[in-house]
Amino acid sequence: MRRRLAAVGLLLVLAGVLAAQLRLETRLTVFFLGAGGEAGMLGRLQQTRFARRYLLLIELAQGERSVTPFARRLRRQLARVEGVARVWSLSEPPLAFLDLLQDYADHAEVIYSLDPAREAPQLFDPATLPRRAENLRQALLSSYGDWVQAIARRDPLLLTLHALEDWRDRLRPRRHGNFEVLVIESAADAFALDRQRVLQQRLRQLLDTPEAGTYRLTLTGVPVFAVRAQERIQRDVARVTAASTLGVLAVFLGLFRTLRSLLAVAVVLAFAAAAGALATQLVFGYVHALTLALGGTLVGVCIDYPIHVLAHCGGREPRAVVRRLWPALMLGGGTTLIGYLALGATGYPGFEQVAVFAGAGIVAALLATGYFLPDFIAAVCLRRPRLRPLTAWLGFARRHRKGLQLAAVLAVAAAGAAWPRLQWLDDLEKLAAVDPELKRQDRQLRARLGGIEPGRAVLVEAPDLETALQRAETATLVLRRLRETRALAGFQPLYPWYVSQSLQARNWRQYQSHVTPEFVAAWRRALATAGLTVEPLSQLVRSEPPWLPVPDPRLAEILVGQVRTRQDRAELAIWLGSHDPDAVRAALAGLEGVRYFSQHDHVNRLAQQYRRRALKTLAAGVAVIWALLAWRYRSPLTALQLLAPPLLGGTTILIGFAAAGFPLSFFHLLAALLAIAICVDYAIFYRERRGGDIAATYQAMGASMLTTVTAFAALGLASQPVLQALALAVTCGVVSGFLWCPVLVVPLSESMES
């Protein structure tokens, strides 16, 4: 009784600590790419104000009338929605952007050119001054006259506008045709998902009106994808956890037919789940929802240990049965633990969490089985499971062992022949299962707008910001040449908002050498000829260089995610528009600290790296398990015999996929490793037959196999392809390895007799 109370009390303590500490993560990028390196840069971009923004496309469903009046009314209504920070139209000039530009006009003399040695002779050619004065007059008479006047007082030659060569499209109003695009910026962060979900409900209620019904309205943006992904993941977790738990418990009840034993097993599983979740939270600071989905399969693995105890009791004292089975339980748990830890060794971020979750869960399940389980089942009348098909297979396998062993050899040969024909899937985006309809809508909208492509950039790194800016300025000149050759449609540099001290000094020297008293006199004459007031527009000479100070905080909104500085590192990004990736890579080759980055290419390279690591991990994991078995049995040949069924199970997976023409990813390789680690348990128990009766041992193994297969098969109910791949591969491998055990493994008593 005291141990039972201690078990319940300890579970309550674990549950309380977990409830207080647990932080659930649902971003797919964190599971697939992690939070460091280049993936970390993408993650930081997701946390910016840019990520808070929705794009709303407004089109006519039919007819030819203008959408502008409706867009203006809708904009006013959207601005009043709770949770919306502000709303604006992409067809309107960015006034805040222009206000910032006026401040930069005070520093025109040091920021006007990226290549002052080449451009200064043209910019300060006295022959061009009459035309420039006339252009200034026309600009002052335009609809932007007040704004141009504010700049001209500080920068009469409008050198600031020349510096903005790469940003000119941002200064012009955009005319999209018979459609409008509104930008809706939420007050909450993009991944404050509860608040974003409420905001999206309010937005859709506003958009679902009779007047709006005459238009086609498309809402997209990072928060839309984030909320949809969270909903899908939560459904997956709930579905998989419920299916695996209920399925495993149903199989258990069908085998043992006693609720009290089910309660005892539930205690063991509760320890495994709580320990796994708490260890993951403590190690990583969060638990990913997909880790919980995969952790649900741990029910089918950890229930094996109490099942073996229950199946061998049959009137015996439970604690004595545990002592008898404990060496096999520990060895089987150790080999399974090696398989899960090998997942973490691949370096794949998601499986690093799964390894910690499963490792802690397996250890907790073993300890609970050994210490608490006997007290919960002491007074339970147990019946041994009886699975007639397994009894039939056991008899058939033992009678025809040599013929089946020959079949095993042929299967290995077939696997070797099939290996070169295997197809590999190295596209992690396909495995991430982004909602295809949302993705299609987002691409269509952004294709109509043109501009910057998300996820593609030129990355610049250096030990300090000054060096990084110099490298970025060199890269910007290269990108300008690519734009001239049409290999690049456009890009978003940091210049002229961030300008290195070196470039400012070169601009100032060229300015001083060209803006002479004769040049100033020629400019005054040009202003008078154009009919402009001379005095306020002719102040071109300064006694000191107007160095650009620490960048304005408002730049964080314009240069979204493009600047990151640390104590010993500066990281800059130049976002790219439509481009030829090969041309960009070739043009940037040889520039120190500068490289091309594509999110799509990056994740595909990661998939290839993970596949190579998975192959090495598969081999290393098998080698470690073999070494553990060889140490335990003092025989390398015995260890190899125990590994034969699980290895053949893994081989069956490869043969099946090759024959069906299904592409394999590194997830299938990891699934094969898991299947091997799990099936080694069956080989160990079959070899040691510590229950005495080989038929009873095989029945207990069959019960364990059924619960494990039930738990992993539940992953097939998820919408995530990665979980579906694991479901199919592990279940096939586990069933196959289990069936090969009586063919390839000789029980201990038989081997001693022979």
# chains A, B, ... in the order shown; residues from 1 in each chain; ligands from 1
>>> residues_around(residues="Ala487 of chain A", least_positions_apart="5", cutoff="6 Å", atoms="only C-alpha atoms", output="list in words")
Leu482, His579 and Asp580 of chain A
>>> write_last_selection(atoms="all heavy atoms", output="PDB file, in the first residue's frame")
ATOM      1  N   LEU A 482      23.979  42.786 -61.993  1.00  0.00           N
ATOM      2  CA  LEU A 482      23.083  41.679 -62.343  1.00  0.00           C
ATOM      3  C   LEU A 482      21.713  42.188 -62.759  1.00  0.00           C
ATOM      4  O   LEU A 482      21.072  41.640 -63.653  1.00  0.00           O
ATOM      5  CB  LEU A 482      22.936  40.735 -61.153  1.00  0.00           C
ATOM      6  CG  LEU A 482      24.121  39.819 -60.850  1.00  0.00           C
ATOM      7  CD1 LEU A 482      23.875  39.052 -59.555  1.00  0.00           C
ATOM      8  CD2 LEU A 482      24.351  38.846 -62.002  1.00  0.00           C
ATOM      9  N   HIS A 579      15.040  36.148 -59.607  1.00  0.00           N
ATOM     10  CA  HIS A 579      16.432  36.134 -60.046  1.00  0.00           C
ATOM     11  C   HIS A 579      16.828  34.757 -60.557  1.00  0.00           C
ATOM     12  O   HIS A 579      16.111  33.770 -60.381  1.00  0.00           O
ATOM     13  CB  HIS A 579      17.346  36.521 -58.885  1.00  0.00           C
ATOM     14  CG  HIS A 579      17.259  35.583 -57.713  1.00  0.00           C
ATOM     15  ND1 HIS A 579      16.247  35.658 -56.777  1.00  0.00           N
ATOM     16  CD2 HIS A 579      18.033  34.538 -57.334  1.00  0.00           C
ATOM     17  CE1 HIS A 579      16.403  34.710 -55.876  1.00  0.00           C
ATOM     18  NE2 HIS A 579      17.482  34.007 -56.186  1.00  0.00           N
ATOM     19  N   ASP A 580      17.996  34.721 -61.184  1.00  0.00           N
ATOM     20  CA  ASP A 580      18.611  33.476 -61.626  1.00  0.00           C
ATOM     21  C   ASP A 580      19.602  33.054 -60.543  1.00  0.00           C
ATOM     22  O   ASP A 580      20.656  33.674 -60.380  1.00  0.00           O
ATOM     23  CB  ASP A 580      19.333  33.699 -62.959  1.00  0.00           C
ATOM     24  CG  ASP A 580      20.025  32.439 -63.464  1.00  0.00           C
ATOM     25  OD1 ASP A 580      20.103  31.451 -62.722  1.00  0.00           O
ATOM     26  OD2 ASP A 580      20.512  32.460 -64.620  1.00  0.00           O
TER      27      ASP A 580
END
>>> select_by_dssp(residues="segment 68-146 of chain A", states="strand (DSSP E)", output="PyMOL selection string")
chain A and resi 84-89
>>> atom_distance(atom1="atom CA of Cys741 of chain A", atom2="atom CA of Ala683 of chain A")
5.8 Å
>>> residues_around(residues="Ser500 of chain A", least_positions_apart="2", cutoff="8 Å", atoms="only C-alpha atoms", output="ChimeraX atom specification")
/A:466-467,469-470,498,502-504
>>> closest_residue(among="A:Trp575, A:Tyr511, A:Phe271, A:Phe712", to="Leu294 of chain A", atoms="only C-alpha atoms")
A:Phe712
>>> closest_residue(among="A:His514, A:Arg399, A:His312, A:Arg595", to="Ile694 of chain A", atoms="only C-alpha atoms")
A:His312
>>> closest_residue(among="A:Phe351, A:Trp167, A:Tyr104, A:Tyr610", to="Arg480 of chain A", atoms="only C-alpha atoms")
A:Trp167
>>> select_by_dssp(residues="segment 513-660 of chain A", states="alpha helix (DSSP H)", output="number ranges by chain")
A: 513-514, 517-529, 555-558, 581-588, 599-633, 636-660
>>> closest_residue(among="A:Val240, A:Leu55, A:Glu571, A:Ala279", to="Leu203 of chain A", atoms="only C-alpha atoms")
A:Leu55
>>> residues_around(residues="Val363 of chain A", least_positions_apart="5", cutoff="10 Å", atoms="only C-alpha atoms", output="CSV table (one decimal) with C-alpha atoms, in the first residue's frame")
chain,number,residue,atom,x,y,z
A,271,PHE,CA,5.5,7.8,-15.3
A,272,ALA,CA,7.0,7.4,-18.8
A,275,ALA,CA,9.2,11.9,-17.2
A,276,GLY,CA,9.6,12.3,-21.0
A,302,CYS,CA,6.9,1.2,-22.7
A,330,MET,CA,17.1,-4.1,-18.7
A,333,GLY,CA,15.2,-1.4,-22.6
A,334,GLY,CA,18.9,-0.6,-23.2
A,337,LEU,CA,17.2,3.4,-25.7
A,358,ALA,CA,11.9,8.7,-25.3
A,368,ALA,CA,8.2,1.9,-12.5
A,369,THR,CA,7.9,-1.6,-13.8
>>> atom_distance(atom1="atom CA of Lys402 of chain A", atom2="atom CA of Leu706 of chain A")
26.6 Å
>>> closest_residue(among="A:Val550, A:Val267, A:Val87, A:Val560", to="Ala51 of chain A", atoms="only C-alpha atoms")
A:Val560
>>> closest_residue(among="A:Val110, A:Ala573, A:Leu5, A:Leu11", to="Gln510 of chain A", atoms="only C-alpha atoms")
A:Val110
>>> atom_distance(atom1="atom CA of Ala274 of chain A", atom2="atom CA of Gly254 of chain A")
26.0 Å
>>> decode(residues="segment 101-196 of chain A", atoms="C-alpha atoms", output="CSV table (one decimal), in the first residue's frame")
chain,number,residue,atom,x,y,z
A,101,LEU,CA,14.1,60.2,-46.1
A,102,GLN,CA,13.8,63.9,-45.3
A,103,ASP,CA,16.0,63.4,-42.2
A,104,TYR,CA,18.6,61.5,-44.3
A,105,ALA,CA,18.8,64.6,-46.6
A,106,ASP,CA,20.9,66.3,-43.9
A,107,HIS,CA,23.6,63.7,-44.7
A,108,ALA,CA,23.5,63.8,-48.5
A,109,GLU,CA,27.1,64.8,-48.9
A,110,VAL,CA,28.4,61.6,-47.3
A,111,ILE,CA,25.8,59.0,-48.6
A,112,TYR,CA,25.1,60.1,-52.2
A,113,SER,CA,26.9,57.3,-54.0
A,114,LEU,CA,28.1,53.7,-53.7
A,115,ASP,CA,30.9,54.4,-56.1
A,116,PRO,CA,31.8,58.1,-55.7
A,117,ALA,CA,35.1,57.9,-57.7
A,118,ARG,CA,33.2,56.8,-60.8
A,119,GLU,CA,29.9,58.7,-60.3
A,120,ALA,CA,31.0,62.1,-58.8
A,121,PRO,CA,32.4,63.5,-62.1
A,122,GLN,CA,28.9,62.9,-63.7
A,123,LEU,CA,26.9,64.1,-60.7
A,124,PHE,CA,28.9,67.3,-60.3
A,125,ASP,CA,29.3,68.1,-64.0
A,126,PRO,CA,28.5,71.9,-64.3
A,127,ALA,CA,27.0,71.3,-67.8
A,128,THR,CA,24.1,69.3,-66.2
A,129,LEU,CA,23.1,72.0,-63.7
A,130,PRO,CA,20.5,73.8,-65.9
A,131,ARG,CA,18.6,70.6,-66.5
A,132,ARG,CA,18.8,69.6,-62.8
A,133,ALA,CA,17.4,73.0,-61.8
A,134,GLU,CA,14.5,72.6,-64.2
A,135,ASN,CA,13.8,69.1,-62.8
A,136,LEU,CA,13.8,70.5,-59.3
A,137,ARG,CA,11.3,73.2,-60.4
A,138,GLN,CA,9.0,70.5,-61.9
A,139,ALA,CA,9.3,68.4,-58.7
A,140,LEU,CA,8.3,71.4,-56.5
A,141,LEU,CA,5.2,71.9,-58.6
A,142,SER,CA,4.2,68.2,-58.4
A,143,SER,CA,1.8,66.6,-55.8
A,144,TYR,CA,4.9,65.9,-53.7
A,145,GLY,CA,6.0,69.5,-53.8
A,146,ASP,CA,5.9,70.0,-50.0
A,147,TRP,CA,7.9,66.9,-49.4
A,148,VAL,CA,10.5,67.8,-52.2
A,149,GLN,CA,10.8,71.3,-50.8
A,150,ALA,CA,11.6,69.9,-47.3
A,151,ILE,CA,14.4,67.8,-48.9
A,152,ALA,CA,15.7,70.5,-51.2
A,153,ARG,CA,16.3,72.9,-48.3
A,154,ARG,CA,18.7,70.4,-46.8
A,155,ASP,CA,19.9,68.8,-50.1
A,156,PRO,CA,19.5,71.3,-53.0
A,157,LEU,CA,21.1,68.9,-55.5
A,158,LEU,CA,18.7,66.1,-54.5
A,159,LEU,CA,21.7,63.8,-54.0
A,160,THR,CA,19.6,61.8,-51.5
A,161,LEU,CA,17.3,60.7,-54.4
A,162,HIS,CA,20.3,59.5,-56.3
A,163,ALA,CA,21.4,57.4,-53.3
A,164,LEU,CA,18.0,55.8,-53.4
A,165,GLU,CA,18.4,54.3,-56.8
A,166,ASP,CA,17.6,50.8,-55.5
A,167,TRP,CA,14.6,52.0,-53.6
A,168,ARG,CA,12.8,54.1,-56.2
A,169,ASP,CA,9.9,51.8,-56.6
A,170,ARG,CA,9.1,52.3,-52.9
A,171,LEU,CA,8.8,56.1,-53.5
A,172,ARG,CA,6.3,55.8,-56.3
A,173,PRO,CA,2.5,55.1,-55.8
A,174,ARG,CA,1.7,51.6,-57.1
A,175,ARG,CA,-1.1,51.1,-59.5
A,176,HIS,CA,-2.2,47.5,-59.5
A,177,GLY,CA,-5.0,47.7,-62.0
A,178,ASN,CA,-8.5,46.6,-61.1
A,179,PHE,CA,-7.5,45.2,-57.7
A,180,GLU,CA,-6.2,46.5,-54.4
A,181,VAL,CA,-4.0,45.1,-51.8
A,182,LEU,CA,-4.4,46.1,-48.1
A,183,VAL,CA,-1.7,45.5,-45.5
A,184,ILE,CA,-3.1,44.7,-42.1
A,185,GLU,CA,-0.6,44.9,-39.2
A,186,SER,CA,-1.6,43.1,-36.1
A,187,ALA,CA,-0.7,44.4,-32.6
A,188,ALA,CA,0.3,40.9,-31.5
A,189,ASP,CA,3.4,38.9,-32.5
A,190,ALA,CA,2.9,36.6,-35.4
A,191,PHE,CA,3.2,33.5,-33.2
A,192,ALA,CA,1.0,34.8,-30.4
A,193,LEU,CA,-1.4,32.2,-31.9
A,194,ASP,CA,-4.3,32.5,-29.5
A,195,ARG,CA,-4.5,36.3,-30.2
A,196,GLN,CA,-3.9,35.8,-33.9
